[in-house]
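Presented below is the structure to which this report refers.
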Amino acid sequence: PQQQQQQQQPFAQGPDAYTPASVPPPAKAEESPPSADSGRFFSIDLQVPSGLKVGVSVNYKSFGLQVSEVGESGAMAQWNARSQATFPEDVLRTGDVIVEVNGLKPDAVSTQGMTEELKRVSKLAAEDQIPGDIFCVVFRRRDA
């Protein structure tokens with residue numbers, strides 16, 4: 001009977017007892033900056049025709065702009081359609097990180113310069129009818 005009681009109570013009793021509700025979830029590890037050891041880099045040479053926007057939404061990261069959405073219309077959607085037929089591994093997708101835009105890289109303070117450049121070219125093409133070019137370096141993690 002005593003042995004049976006020990007099998008039914010495998011954990012300590014009292015305030016230090018293990019209970020699933022009292023265990024906090026593991027802390028989310030800070031993402032490491034992009035490196036060739038953890039993924040691959042590729043480039044996008046995007047022509048933004050007059051009348052179109054770039055068509056990509058991003059989230060700010062300390063090391064670049066993480067793609068949160070690629071629109072169904074816009075210059076990036078056209079890039080993706082062409083790439084799907086020729087180089088499908090170079091299709092821009094959610095989770096990719098843009099680490100350079102027209103020679104601008106994130107600095108110690110922010111990714112604002114990169115964001116402003118994307119907005120500038122998008123506005124010129126969509127509103128002012130002036131085609132533009134964007135050259136991006138993109139990083140994709142191996143596990144993505």
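Labels for the structure tokens follow display order: chains A, B, ..., residues from 1 in each chain, ligands from 1.
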Report the residues of stretch 47-132 of chain A whose backbone DSSP state falls under alpha helix (DSSP H), written as a ChimeraX atom specification. /A:75-86,112-126
Report as a PyMOL selection string all protein, DNA and RNA residues lying within 10 Å of A:Ser110, evaluated on only C-alpha atoms, omitting residues in the same chain fewer than 5 positions from it. chain A and resi 60-64+105+115
Closest to A:Gln78 among A:Gly55, A:Pro33, A:Gly103, A:Gly132, using only C-alpha atoms?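 Checking each candidate against A:Gln78, we get A:Gly55 as the closest.
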List the neighbours of A:Val70 out to 8 Å using only C-alpha atoms; skip same-chain residues closer than 3 positions along the sequence, and give me the result as a PyMOL selection string. chain A and resi 55-57+67+76-77+92-94
Distance criterion (only C-alpha atoms): nearest to A:Lys123 out of A:Ser50, A:Asn80, A:Thr111, A:Ser35: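 Closest residue, counting only C-alpha atoms: A:Ser50.
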